[in-house]
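Coordinates from work-v4.txt are shown below (compact mmCIF, C-alpha atoms and all ligand atoms).
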# COMPACT_ATOMS: atom_id res chain seq x y z
CA MET A 1 -75.37 67.94 -42.23
CA ASN A 2 -71.88 68.29 -43.75
CA HIS A 3 -70.61 65.22 -45.52
CA LEU A 4 -67.10 63.92 -45.01
CA PRO A 5 -64.87 65.59 -47.60
CA LYS A 6 -63.79 63.35 -50.49
CA SER A 7 -60.24 63.48 -49.07
CA VAL A 8 -61.05 61.05 -46.25
CA ARG A 9 -58.79 58.05 -46.72
CA VAL A 10 -57.84 56.71 -43.28
CA PRO A 11 -60.17 53.93 -42.24
CA ILE A 12 -61.10 53.87 -38.60
CA GLU A 13 -59.43 50.77 -37.22
CA PRO A 14 -61.77 47.86 -36.42
CA ASP A 15 -60.51 47.78 -32.85
CA ASN A 16 -59.98 51.29 -31.60
CA PRO A 17 -56.74 51.14 -29.56
CA SER A 18 -57.57 54.23 -27.51
CA ILE A 19 -61.23 54.30 -26.55
CA MET A 20 -63.70 51.80 -25.05
CA ARG A 21 -67.44 52.19 -24.64
CA ASP A 22 -69.98 50.52 -22.37
CA GLU A 23 -73.36 51.48 -23.85
CA SER A 24 -75.24 50.18 -20.82
CA LEU A 25 -73.83 53.01 -18.68
CA CYS A 26 -74.74 55.77 -21.13
CA ILE A 27 -77.23 58.34 -19.81
CA LYS A 28 -77.64 60.00 -23.24
CA CYS A 29 -76.38 63.38 -22.00
CA GLY A 30 -74.79 64.08 -25.40
CA GLN A 31 -71.61 65.68 -24.02
CA CYS A 32 -69.37 63.32 -26.01
CA LYS A 33 -71.10 64.24 -29.27
CA ASN A 34 -71.04 67.92 -28.44
CA ILE A 35 -67.28 68.09 -27.88
CA CYS A 36 -66.56 65.91 -30.91
CA THR A 37 -68.77 68.16 -33.07
CA ASP A 38 -68.16 71.64 -31.71
CA TYR A 39 -64.51 71.43 -30.66
CA ILE A 40 -62.87 68.48 -32.44
CA GLY A 41 -64.81 68.97 -35.70
CA VAL A 42 -65.22 65.26 -36.49
CA HIS A 43 -68.71 64.10 -35.42
CA ASP A 44 -71.37 65.27 -37.86
CA THR A 45 -68.90 65.71 -40.73
CA TYR A 46 -69.85 62.39 -42.33
CA GLU A 47 -72.54 59.77 -42.81
CA LEU A 48 -71.87 56.23 -41.58
CA GLU A 49 -72.96 54.86 -44.95
CA ASP A 50 -69.96 56.68 -46.46
CA THR A 51 -67.49 55.08 -44.06
CA ASN A 52 -68.58 51.47 -44.11
CA ASN A 53 -70.49 51.98 -40.89
CA ARG A 54 -67.35 52.93 -38.97
CA ALA A 55 -67.05 56.01 -36.82
CA VAL A 56 -64.21 58.36 -37.69
CA CYS A 57 -62.08 58.79 -34.56
CA ILE A 58 -58.83 60.70 -34.04
CA ASN A 59 -58.28 58.96 -30.69
CA CYS A 60 -58.03 62.21 -28.66
CA GLY A 61 -60.22 60.89 -25.83
CA GLN A 62 -62.03 64.17 -25.24
CA CYS A 63 -65.29 62.18 -25.30
CA ALA A 64 -63.94 60.04 -22.43
CA ASN A 65 -62.82 63.12 -20.54
CA VAL A 66 -66.26 64.74 -20.59
CA CYS A 67 -68.32 61.55 -20.04
CA PRO A 68 -69.77 61.97 -16.53
CA VAL A 69 -70.53 58.26 -16.00
CA SER A 70 -67.46 56.60 -17.57
CA SER A 71 -69.55 54.99 -20.29
CA ILE A 72 -66.63 56.03 -22.50
CA THR A 73 -63.11 55.49 -21.15
CA GLU A 74 -59.61 55.04 -22.44
CA LYS A 75 -58.75 51.46 -23.39
CA TYR A 76 -57.02 50.20 -20.26
CA GLU A 77 -53.51 48.77 -20.59
CA TYR A 78 -52.33 48.91 -16.99
CA GLN A 79 -53.28 45.26 -16.43
CA ASP A 80 -50.83 44.29 -19.20
CA VAL A 81 -48.14 46.38 -17.51
CA ARG A 82 -48.94 44.75 -14.16
CA ASN A 83 -48.51 41.34 -15.82
CA ALA A 84 -45.16 42.40 -17.29
CA ILE A 85 -43.99 43.49 -13.85
CA ALA A 86 -44.93 40.08 -12.45
CA ASP A 87 -42.83 38.36 -15.13
CA PRO A 88 -39.25 38.00 -13.82
CA ASP A 89 -37.97 37.85 -17.39
CA LYS A 90 -39.18 41.37 -18.23
CA ILE A 91 -37.56 44.72 -17.53
CA VAL A 92 -40.28 47.37 -17.14
CA ILE A 93 -39.24 50.95 -17.93
CA PHE A 94 -41.66 53.82 -17.26
CA ASN A 95 -41.30 57.04 -19.28
CA THR A 96 -43.35 59.98 -18.01
CA SER A 97 -44.70 62.92 -20.05
CA PRO A 98 -44.62 66.47 -18.64
CA SER A 99 -48.36 66.95 -17.98
CA VAL A 100 -48.78 63.86 -15.77
CA ARG A 101 -46.77 65.29 -12.87
CA ILE A 102 -48.98 68.40 -12.81
CA ALA A 103 -52.34 66.60 -12.85
CA LEU A 104 -51.91 63.26 -11.05
CA GLY A 105 -52.35 64.82 -7.61
CA GLU A 106 -55.95 65.81 -8.48
CA GLU A 107 -56.89 62.12 -8.57
CA PHE A 108 -55.80 61.91 -4.93
CA ASP A 109 -57.56 65.08 -3.78
CA LEU A 110 -54.44 67.23 -3.80
CA SER A 111 -55.08 70.74 -5.06
CA GLY A 112 -55.28 71.24 -8.85
CA GLY A 113 -51.91 71.85 -10.47
CA SER A 114 -49.86 70.44 -7.55
CA PHE A 115 -46.38 69.51 -8.76
CA VAL A 116 -46.10 65.84 -7.73
CA GLN A 117 -43.13 64.68 -9.80
CA GLY A 118 -41.33 63.08 -6.81
CA LYS A 119 -44.44 61.20 -5.61
CA MET A 120 -45.27 60.09 -9.16
CA ILE A 121 -41.79 58.56 -9.55
CA ALA A 122 -42.07 56.95 -6.10
CA LEU A 123 -45.45 55.49 -7.12
CA LEU A 124 -44.04 54.01 -10.34
CA ARG A 125 -41.19 52.43 -8.38
CA LYS A 126 -43.61 51.07 -5.77
CA LEU A 127 -45.74 49.55 -8.54
CA GLY A 128 -42.64 47.64 -9.63
CA GLY A 129 -40.98 49.66 -12.42
CA ASP A 130 -37.31 48.74 -12.88
CA TYR A 131 -36.44 52.20 -14.24
CA VAL A 132 -38.30 55.53 -14.32
CA LEU A 133 -37.21 57.95 -17.06
CA ASP A 134 -38.33 61.42 -18.11
CA THR A 135 -39.78 61.68 -21.64
CA ASN A 136 -38.58 65.28 -21.56
CA PHE A 137 -35.23 63.77 -22.63
CA ALA A 138 -36.81 62.93 -25.98
CA ALA A 139 -38.80 66.18 -26.06
CA ASP A 140 -35.39 67.87 -26.31
CA LEU A 141 -34.55 65.62 -29.27
CA THR A 142 -37.87 66.50 -30.94
CA ILE A 143 -37.16 70.19 -30.52
CA MET A 144 -33.66 69.90 -32.01
CA GLU A 145 -35.14 68.06 -35.00
CA GLU A 146 -38.11 70.40 -35.50
CA ALA A 147 -35.97 73.54 -35.21
CA SER A 148 -33.33 72.14 -37.63
CA GLU A 149 -36.03 71.18 -40.12
CA LEU A 150 -37.64 74.61 -39.88
CA ILE A 151 -34.32 76.33 -40.59
CA GLU A 152 -33.74 74.05 -43.61
CA ARG A 153 -37.23 74.77 -44.96
CA VAL A 154 -36.76 78.54 -44.49
CA THR A 155 -33.18 78.89 -45.74
CA LYS A 156 -32.79 76.01 -48.23
CA LYS A 157 -36.43 75.57 -49.29
CA THR A 158 -36.15 71.79 -48.76
CA ALA A 159 -39.91 71.43 -48.22
CA PRO A 160 -42.95 73.71 -48.31
CA LEU A 161 -43.75 76.35 -45.70
CA PRO A 162 -45.35 76.74 -43.28
CA GLN A 163 -44.06 73.81 -41.26
CA PHE A 164 -46.74 72.29 -39.03
CA THR A 165 -45.80 70.46 -35.83
CA SER A 166 -46.11 66.67 -35.72
CA CYS A 167 -46.00 65.78 -32.02
CA CYS A 168 -49.78 65.46 -31.49
CA PRO A 169 -50.95 62.11 -32.94
CA SER A 170 -54.60 63.18 -33.03
CA TRP A 171 -53.72 66.24 -35.09
CA VAL A 172 -51.60 64.13 -37.46
CA LYS A 173 -54.45 61.63 -37.92
CA TYR A 174 -56.93 64.49 -38.37
CA ALA A 175 -54.68 66.03 -41.05
CA GLU A 176 -54.29 62.65 -42.78
CA THR A 177 -58.07 62.29 -42.79
CA TYR A 178 -59.30 65.79 -43.60
CA HIS A 179 -56.30 67.68 -45.05
CA PRO A 180 -54.08 65.23 -46.99
CA ASP A 181 -52.96 68.16 -49.15
CA ILE A 182 -50.94 69.59 -46.24
CA LEU A 183 -49.03 66.43 -45.29
CA ALA A 184 -45.84 67.73 -46.94
CA HIS A 185 -46.06 70.68 -44.54
CA ILE A 186 -46.07 68.48 -41.43
CA SER A 187 -42.70 68.12 -39.72
CA SER A 188 -40.99 64.78 -40.32
CA SER A 189 -39.87 64.67 -36.64
CA LYS A 190 -41.33 61.96 -34.45
CA SER A 191 -43.06 63.00 -31.25
CA PRO A 192 -41.19 62.82 -27.91
CA ILE A 193 -42.70 59.38 -27.16
CA GLY A 194 -41.90 58.33 -30.73
CA MET A 195 -38.24 59.18 -30.07
CA GLN A 196 -38.07 58.02 -26.44
CA GLY A 197 -39.16 54.47 -27.39
CA PRO A 198 -36.33 53.53 -29.76
CA THR A 199 -33.76 55.54 -27.77
CA VAL A 200 -34.51 53.42 -24.68
CA LYS A 201 -34.38 50.13 -26.61
CA THR A 202 -31.08 50.98 -28.35
CA TYR A 203 -28.97 53.62 -26.55
CA PHE A 204 -30.25 53.18 -22.99
CA ALA A 205 -30.23 49.36 -23.24
CA LYS A 206 -26.66 49.34 -24.56
CA LYS A 207 -25.35 51.73 -21.91
CA MET A 208 -27.10 49.86 -19.10
CA GLY A 209 -26.23 46.38 -20.42
CA LEU A 210 -29.90 45.36 -20.87
CA ASP A 211 -31.34 42.91 -23.38
CA PRO A 212 -33.66 45.08 -25.56
CA ALA A 213 -35.92 42.10 -26.24
CA LYS A 214 -36.70 41.88 -22.52
CA ILE A 215 -37.58 45.58 -22.14
CA VAL A 216 -41.23 46.49 -21.72
CA ASN A 217 -41.36 50.21 -22.48
CA VAL A 218 -44.31 52.04 -20.91
CA ALA A 219 -45.26 55.66 -21.63
CA VAL A 220 -47.23 57.38 -18.85
CA THR A 221 -49.11 60.19 -20.55
CA PRO A 222 -52.06 62.60 -20.47
CA CYS A 223 -52.98 61.26 -23.90
CA THR A 224 -55.25 58.49 -25.19
CA ALA A 225 -54.06 59.05 -28.78
CA LYS A 226 -50.57 57.84 -27.86
CA LYS A 227 -52.12 54.35 -27.58
CA PHE A 228 -52.85 54.70 -31.29
CA GLU A 229 -49.53 56.35 -32.14
CA ILE A 230 -47.27 53.64 -30.63
CA ARG A 231 -49.08 51.06 -32.80
CA ARG A 232 -48.51 52.92 -36.07
CA GLY A 233 -46.39 51.00 -38.59
CA GLU A 234 -43.58 53.58 -38.38
CA MET A 235 -43.01 53.03 -34.67
CA ASN A 236 -40.64 50.08 -34.85
CA ALA A 237 -37.30 51.78 -35.50
CA ALA A 238 -35.47 49.80 -32.79
CA SER A 239 -36.73 46.53 -34.25
CA LYS A 240 -35.20 47.41 -37.63
CA TYR A 241 -31.98 48.77 -36.13
CA LEU A 242 -31.42 45.77 -33.86
CA ASP A 243 -32.90 43.24 -36.27
CA ILE A 244 -35.31 41.90 -33.65
CA GLU A 245 -38.66 40.84 -35.09
CA ASP A 246 -42.03 42.01 -33.77
CA MET A 247 -40.68 44.57 -31.32
CA ARG A 248 -42.49 47.90 -30.93
CA ASP A 249 -40.51 50.95 -29.81
CA MET A 250 -43.01 51.67 -27.03
CA ASP A 251 -45.02 48.71 -25.76
CA TYR A 252 -47.81 50.30 -23.69
CA VAL A 253 -49.33 53.67 -22.92
CA ILE A 254 -51.14 54.33 -19.66
CA THR A 255 -52.90 57.61 -18.97
CA THR A 256 -52.80 59.77 -15.85
CA ARG A 257 -56.26 58.45 -14.91
CA GLU A 258 -55.18 54.83 -15.45
CA LEU A 259 -52.13 55.28 -13.24
CA ALA A 260 -54.34 56.68 -10.46
CA LYS A 261 -56.86 53.83 -10.89
CA TRP A 262 -54.06 51.26 -10.65
CA ALA A 263 -52.61 52.91 -7.53
CA LYS A 264 -56.06 52.95 -5.88
CA GLU A 265 -56.59 49.26 -6.67
CA GLU A 266 -53.24 48.57 -4.94
CA ASN A 267 -54.37 50.68 -1.94
CA ILE A 268 -51.31 52.90 -2.21
CA ASP A 269 -51.50 56.06 -0.10
CA PHE A 270 -50.20 58.48 -2.76
CA ALA A 271 -50.09 61.56 -0.53
CA SER A 272 -47.75 59.90 1.97
CA LEU A 273 -45.23 58.60 -0.61
CA LYS A 274 -41.72 59.94 -0.11
CA ASP A 275 -40.36 61.76 -3.17
CA SER A 276 -38.10 59.77 -5.47
CA ASP A 277 -35.89 60.87 -8.41
CA TYR A 278 -35.69 59.77 -12.02
CA ASP A 279 -32.93 57.36 -12.94
CA SER A 280 -29.99 59.60 -13.71
CA PHE A 281 -29.15 58.25 -17.18
CA MET A 282 -31.79 59.62 -19.62
CA GLY A 283 -33.55 61.06 -16.61
CA GLU A 284 -32.52 64.65 -17.23
CA ALA A 285 -33.72 67.26 -19.72
CA SER A 286 -33.78 70.98 -20.38
CA GLY A 287 -36.72 73.21 -19.46
CA ALA A 288 -37.86 73.17 -23.11
CA GLY A 289 -39.37 69.70 -22.81
CA VAL A 290 -41.40 70.63 -19.73
CA ILE A 291 -43.34 73.35 -21.60
CA PHE A 292 -44.48 70.83 -24.27
CA GLY A 293 -47.51 70.17 -22.09
CA ASN A 294 -48.97 73.63 -22.62
CA THR A 295 -50.30 75.23 -25.77
CA GLY A 296 -47.50 77.30 -27.34
CA GLY A 297 -44.81 75.30 -25.55
CA VAL A 298 -43.54 73.40 -28.59
CA MET A 299 -43.46 76.63 -30.58
CA GLU A 300 -41.56 78.55 -27.89
CA ALA A 301 -39.01 75.76 -27.41
CA ALA A 302 -38.44 75.42 -31.18
CA LEU A 303 -37.99 79.17 -31.68
CA ARG A 304 -35.46 79.36 -28.83
CA THR A 305 -33.50 76.50 -30.36
CA ALA A 306 -33.74 78.01 -33.86
CA HIS A 307 -32.34 81.25 -32.42
CA GLN A 308 -29.32 79.41 -31.02
CA PHE A 309 -28.75 77.52 -34.31
CA ILE A 310 -29.09 80.59 -36.58
CA THR A 311 -27.28 83.25 -34.56
CA GLY A 312 -24.96 81.09 -32.43
CA ASN A 313 -26.30 82.91 -29.36
CA PRO A 314 -28.84 81.83 -26.74
CA ALA A 315 -32.33 83.26 -27.28
CA PRO A 316 -32.91 86.60 -25.53
CA ALA A 317 -35.14 86.93 -22.47
CA ASP A 318 -38.24 87.86 -24.48
CA PHE A 319 -38.18 84.38 -26.10
CA TYR A 320 -38.98 82.90 -22.70
CA ASN A 321 -42.67 82.72 -21.83
CA LEU A 322 -43.50 84.27 -25.22
CA LYS A 323 -46.74 86.02 -24.33
CA SER A 324 -47.95 86.13 -27.93
CA VAL A 325 -48.10 82.31 -28.19
CA ARG A 326 -49.33 81.48 -24.69
CA GLY A 327 -52.81 81.70 -23.21
CA MET A 328 -56.21 80.11 -23.79
CA GLU A 329 -57.24 81.62 -27.14
CA SER A 330 -57.52 78.76 -29.63
CA VAL A 331 -55.60 80.59 -32.41
CA LYS A 332 -52.71 82.95 -31.67
CA GLU A 333 -50.33 84.59 -34.14
CA ALA A 334 -46.86 85.99 -33.47
CA GLU A 335 -43.95 87.44 -35.40
CA VAL A 336 -40.40 86.90 -34.20
CA THR A 337 -37.07 88.13 -35.52
CA ILE A 338 -34.14 85.72 -35.46
CA GLY A 339 -30.96 87.22 -36.91
CA PRO A 340 -31.78 88.13 -40.51
CA LEU A 341 -35.09 86.21 -40.50
CA LYS A 342 -38.57 87.40 -39.66
CA LEU A 343 -40.75 84.37 -38.88
CA LYS A 344 -44.53 84.31 -38.67
CA ALA A 345 -45.79 81.72 -36.25
CA VAL A 346 -49.25 80.48 -35.30
CA VAL A 347 -50.31 78.42 -32.28
CA ILE A 348 -53.61 76.52 -32.45
CA PHE A 349 -55.42 74.16 -30.14
CA GLY A 350 -58.50 72.27 -31.27
CA THR A 351 -58.74 70.50 -34.63
CA LYS A 352 -61.92 72.30 -35.67
CA ALA A 353 -60.05 75.59 -35.11
CA ALA A 354 -57.19 74.17 -37.21
CA THR A 355 -59.56 73.52 -40.13
CA GLU A 356 -60.94 77.05 -39.86
CA PHE A 357 -57.39 78.44 -39.83
CA ILE A 358 -56.30 76.32 -42.83
CA ARG A 359 -59.30 77.52 -44.86
CA LYS A 360 -58.48 81.13 -43.98
CA TRP A 361 -54.79 80.70 -44.75
CA ARG A 362 -55.51 79.03 -48.12
CA SER A 363 -57.93 81.76 -49.19
CA SER A 364 -55.83 84.71 -47.95
CA GLY A 365 -52.49 83.48 -49.34
CA GLN A 366 -50.77 84.80 -46.19
CA THR A 367 -47.19 83.67 -45.59
CA TYR A 368 -46.55 81.72 -42.41
CA HIS A 369 -43.44 79.82 -41.36
CA PHE A 370 -44.28 77.67 -38.35
CA ILE A 371 -47.63 76.43 -37.03
CA GLU A 372 -48.15 74.45 -33.84
CA VAL A 373 -51.36 72.42 -33.64
CA MET A 374 -52.36 70.49 -30.53
CA THR A 375 -55.75 68.82 -30.33
CA CYS A 376 -56.69 69.14 -26.68
CA PRO A 377 -57.89 72.29 -24.90
CA GLY A 378 -54.84 74.22 -23.71
CA GLY A 379 -52.58 71.48 -25.13
CA CYS A 380 -51.69 68.16 -23.46
CA ILE A 381 -52.49 69.54 -20.01
CA GLY A 382 -56.14 69.18 -21.11
CA GLY A 383 -55.48 65.71 -22.63
CA GLY A 384 -58.17 63.06 -22.94
CA GLY A 385 -56.49 60.88 -20.28
CA GLN A 386 -56.14 63.60 -17.66
CA PRO A 387 -58.28 63.80 -14.51
CA LYS A 388 -61.79 64.84 -15.46
CA GLY A 389 -62.26 68.56 -15.25
CA THR A 390 -58.63 69.47 -16.07
CA LEU A 391 -59.92 70.52 -19.50
CA LEU A 392 -62.27 73.03 -17.96
CA LYS A 393 -59.61 74.52 -15.74
CA GLY A 394 -57.24 75.05 -18.69
CA ASP A 395 -53.81 76.23 -17.62
FE1 LIG B 1 -52.46 63.83 -26.99
FE2 LIG B 1 -51.54 66.24 -26.33
FE3 LIG B 1 -52.51 65.80 -28.79
FE4 LIG B 1 -54.16 65.85 -26.70
S1 LIG B 1 -52.92 67.60 -27.45
S2 LIG B 1 -54.17 64.34 -28.37
S3 LIG B 1 -52.88 64.97 -25.08
S4 LIG B 1 -50.65 64.87 -27.89
Now that the file is in, can you turn its structure into structure tokens?
Amino acid sequence: MNHLPKSVRVPIEPDNPSIMRDESLCIKCGQCKNICTDYIGVHDTYELEDTNNRAVCINCGQCANVCPVSSITEKYEYQDVRNAIADPDKIVIFNTSPSVRIALGEEFDLSGGSFVQGKMIALLRKLGGDYVLDTNFAADLTIMEEASELIERVTKKTAPLPQFTSCCPSWVKYAETYHPDILAHISSSKSPIGMQGPTVKTYFAKKMGLDPAKIVNVAVTPCTAKKFEIRRGEMNAASKYLDIEDMRDMDYVITTRELAKWAKEENIDFASLKDSDYDSFMGEASGAGVIFGNTGGVMEAALRTAHQFITGNPAPADFYNLKSVRGMESVKEAEVTIGPLKLKAVVIFGTKAATEFIRKWRSSGQTYHFIEVMTCPGGCIGGGGQPKGTLLKGD
């Protein structure tokens, strides 16, 4: 058995914010261990005696996604959101991630991959949300930041290359745990949800005349790790900016599966809901945010934006649906030319594959500029909070 490398320094939190377990339901099928060992690369890398008897967990929820009897599930928060809706003093704002609208229909027996954005928004309004916004707004902000940072690293050598993406909280926690020597390579940009939270509590609240202290910000995501991310110490930018104590940027995260469970408990007939639209202010985004949900999407969006910034011209047609960075291989390499620059990019999904790549890169000395790492199979579309089986279908 491999022991946890000496670099491990993030303690698993006493109360895991992402994952719950009911041992009495477990049928000992071993699927949770298998995916955590073979794909995530965490289970079996350490002995409990080395970690104070605490399991190392990167909160990705893949164990919950493969558990056939729901012995392992995401930690439910929808009851807290329901309580907030019932409180007349609270303003509940839902923010939806790109992959939810593609997968939610499966929970209601619509065919896999049905685009149910309009019904999803109608459902969130029916459940009592005061506003429904698109997190793709903040995905655009993330892309502008990541592309700008990449250009600075390449042209002004402000930080080491390659630049790794930072929008997957499981990957960031995995890197903090297993590869602390690459933290200077990880982009300083917050994830889309990390940017959406404070933007809603500052900019949106000001424009709409809302009291930020009354806002209950809810992210609706494919991701169980976002439950961990919103509780990180860094995620209280609005609190500092507005000088309001004890205010998190994003208050709750509910997964695609949780949203469906809540709707079923309320006996809502999802298929017959009439389409609704996002609120218009902060409800619009470019197409770049939408592709965040798929492996290679962050990379493609950042390279298009970098092209615009460097050359002053929109990216050419071959930067759209970049074949070299799409698809279901866990590691893909591409070379792109932007003006005078030739950039080497890598797209990875799966943290075990990321470790294998990092070892290879370190020993070969190869030069790379930009590396996207997402934890879940195929990216967020295969997230731990998606309908079970989405992972197996890939994109
Ligand atoms: Fe969450 Fe996406 Fe990362 Fe999976 S790949 S842990 S869904 S951010």
| message | Hey, which residues sit close to ligand LIG 1 (chain B)? Say within 10 Å, counting all atoms listed in the file, and write them as a ChimeraX atom specification. | response | /A:58-62,97,99,166-173,191-193,221-227,229,255,292-295,349-351,373-386
| query | Rounded to one decimal in Å, what is the spacing between atom CA of Tyr252 of chain A and atom CA of Met235 of chain A? | reply |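 We find that atom CA of Tyr252 of chain A and atom CA of Met235 of chain A lie 12.3 Å from each other.
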| query | Could you name the residues that touch Thr37 of chain A at 12 Å or less, counting only C-alpha atoms, but leaving out those on the same chain fewer than 2 positions away, as a PyMOL selection string? | reply | chain A and resi 1-2+30-35+39-46+56-57+62-63+350-353
Take the residues that were just selected and, keeping C-alpha atoms, output them as an mmCIF file, keeping the file's coordinate frame.
data_model
loop_
_atom_site.group_PDB
_atom_site.id
_atom_site.type_symbol
_atom_site.label_atom_id
_atom_site.label_comp_id
_atom_site.auth_asym_id
_atom_site.auth_seq_id
_atom_site.Cartn_x
_atom_site.Cartn_y
_atom_site.Cartn_z
ATOM 1 C CA MET A 1 -75.370 67.940 -42.230
ATOM 2 C CA ASN A 2 -71.880 68.290 -43.750
ATOM 3 C CA GLY A 30 -74.790 64.080 -25.400
ATOM 4 C CA GLN A 31 -71.610 65.680 -24.020
ATOM 5 C CA CYS A 32 -69.370 63.320 -26.010
ATOM 6 C CA LYS A 33 -71.100 64.240 -29.270
ATOM 7 C CA ASN A 34 -71.040 67.920 -28.440
ATOM 8 C CA ILE A 35 -67.280 68.090 -27.880
ATOM 9 C CA TYR A 39 -64.510 71.430 -30.660
ATOM 10 C CA ILE A 40 -62.870 68.480 -32.440
ATOM 11 C CA GLY A 41 -64.810 68.970 -35.700
ATOM 12 C CA VAL A 42 -65.220 65.260 -36.490
ATOM 13 C CA HIS A 43 -68.710 64.100 -35.420
ATOM 14 C CA ASP A 44 -71.370 65.270 -37.860
ATOM 15 C CA THR A 45 -68.900 65.710 -40.730
ATOM 16 C CA TYR A 46 -69.850 62.390 -42.330
ATOM 17 C CA VAL A 56 -64.210 58.360 -37.690
ATOM 18 C CA CYS A 57 -62.080 58.790 -34.560
ATOM 19 C CA GLN A 62 -62.030 64.170 -25.240
ATOM 20 C CA CYS A 63 -65.290 62.180 -25.300
ATOM 21 C CA GLY A 350 -58.500 72.270 -31.270
ATOM 22 C CA THR A 351 -58.740 70.500 -34.630
ATOM 23 C CA LYS A 352 -61.920 72.300 -35.670
ATOM 24 C CA ALA A 353 -60.050 75.590 -35.110
#
I'd like the neighbourhood of segment 270-282 of chain A as a PDB file with C-alpha atoms, keeping the file's coordinate frame, where a residue qualifies if any of its atoms comes within 8 Å (using all atoms listed in the file), though same-chain residues fewer than 4 positions away should be ignored.
ATOM      1  CA  PHE A 108     -55.800  61.910  -4.930  1.00  0.00           C
ATOM      2  CA  LEU A 110     -54.440  67.230  -3.800  1.00  0.00           C
ATOM      3  CA  GLN A 117     -43.130  64.680  -9.800  1.00  0.00           C
ATOM      4  CA  GLY A 118     -41.330  63.080  -6.810  1.00  0.00           C
ATOM      5  CA  LYS A 119     -44.440  61.200  -5.610  1.00  0.00           C
ATOM      6  CA  MET A 120     -45.270  60.090  -9.160  1.00  0.00           C
ATOM      7  CA  ILE A 121     -41.790  58.560  -9.550  1.00  0.00           C
ATOM      8  CA  ALA A 122     -42.070  56.950  -6.100  1.00  0.00           C
ATOM      9  CA  LEU A 123     -45.450  55.490  -7.120  1.00  0.00           C
ATOM     10  CA  TYR A 131     -36.440  52.200 -14.240  1.00  0.00           C
ATOM     11  CA  VAL A 132     -38.300  55.530 -14.320  1.00  0.00           C
ATOM     12  CA  LEU A 133     -37.210  57.950 -17.060  1.00  0.00           C
ATOM     13  CA  ASP A 134     -38.330  61.420 -18.110  1.00  0.00           C
ATOM     14  CA  PHE A 137     -35.230  63.770 -22.630  1.00  0.00           C
ATOM     15  CA  PHE A 204     -30.250  53.180 -22.990  1.00  0.00           C
ATOM     16  CA  ALA A 263     -52.610  52.910  -7.530  1.00  0.00           C
TER      17      ALA A 263
END
| Point-to-point distance from atom CA of Ala139 of chain A to atom CA of Glu74 of chain A, Å rounded to tenths |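 Separation of atom CA of Ala139 of chain A and atom CA of Glu74 of chain A: 23.9 Å.
Among the candidates A:Ala302, A:Lys342, A:Asp318, A:Tyr241, the one nearest to Phe164 of chain A when counting only C-alpha atoms is A:Ala302.
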| request: Go through A:Ile215, A:Ile102, A:Ala84, A:Ile72 one by one, measure the shortest atom-to-atom distance of each to Arg21 of chain A using all atoms listed in the file, and give the residue with the smallest value. | output: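 For Arg21 of chain A, the nearest of the given residues is A:Ile72.
When only C-alpha atoms are used to compute distances to Asn16 of chain A, the closest of the residues A:Tyr76, A:Phe115, A:Phe309, A:Phe228 turns out to be A:Phe228.
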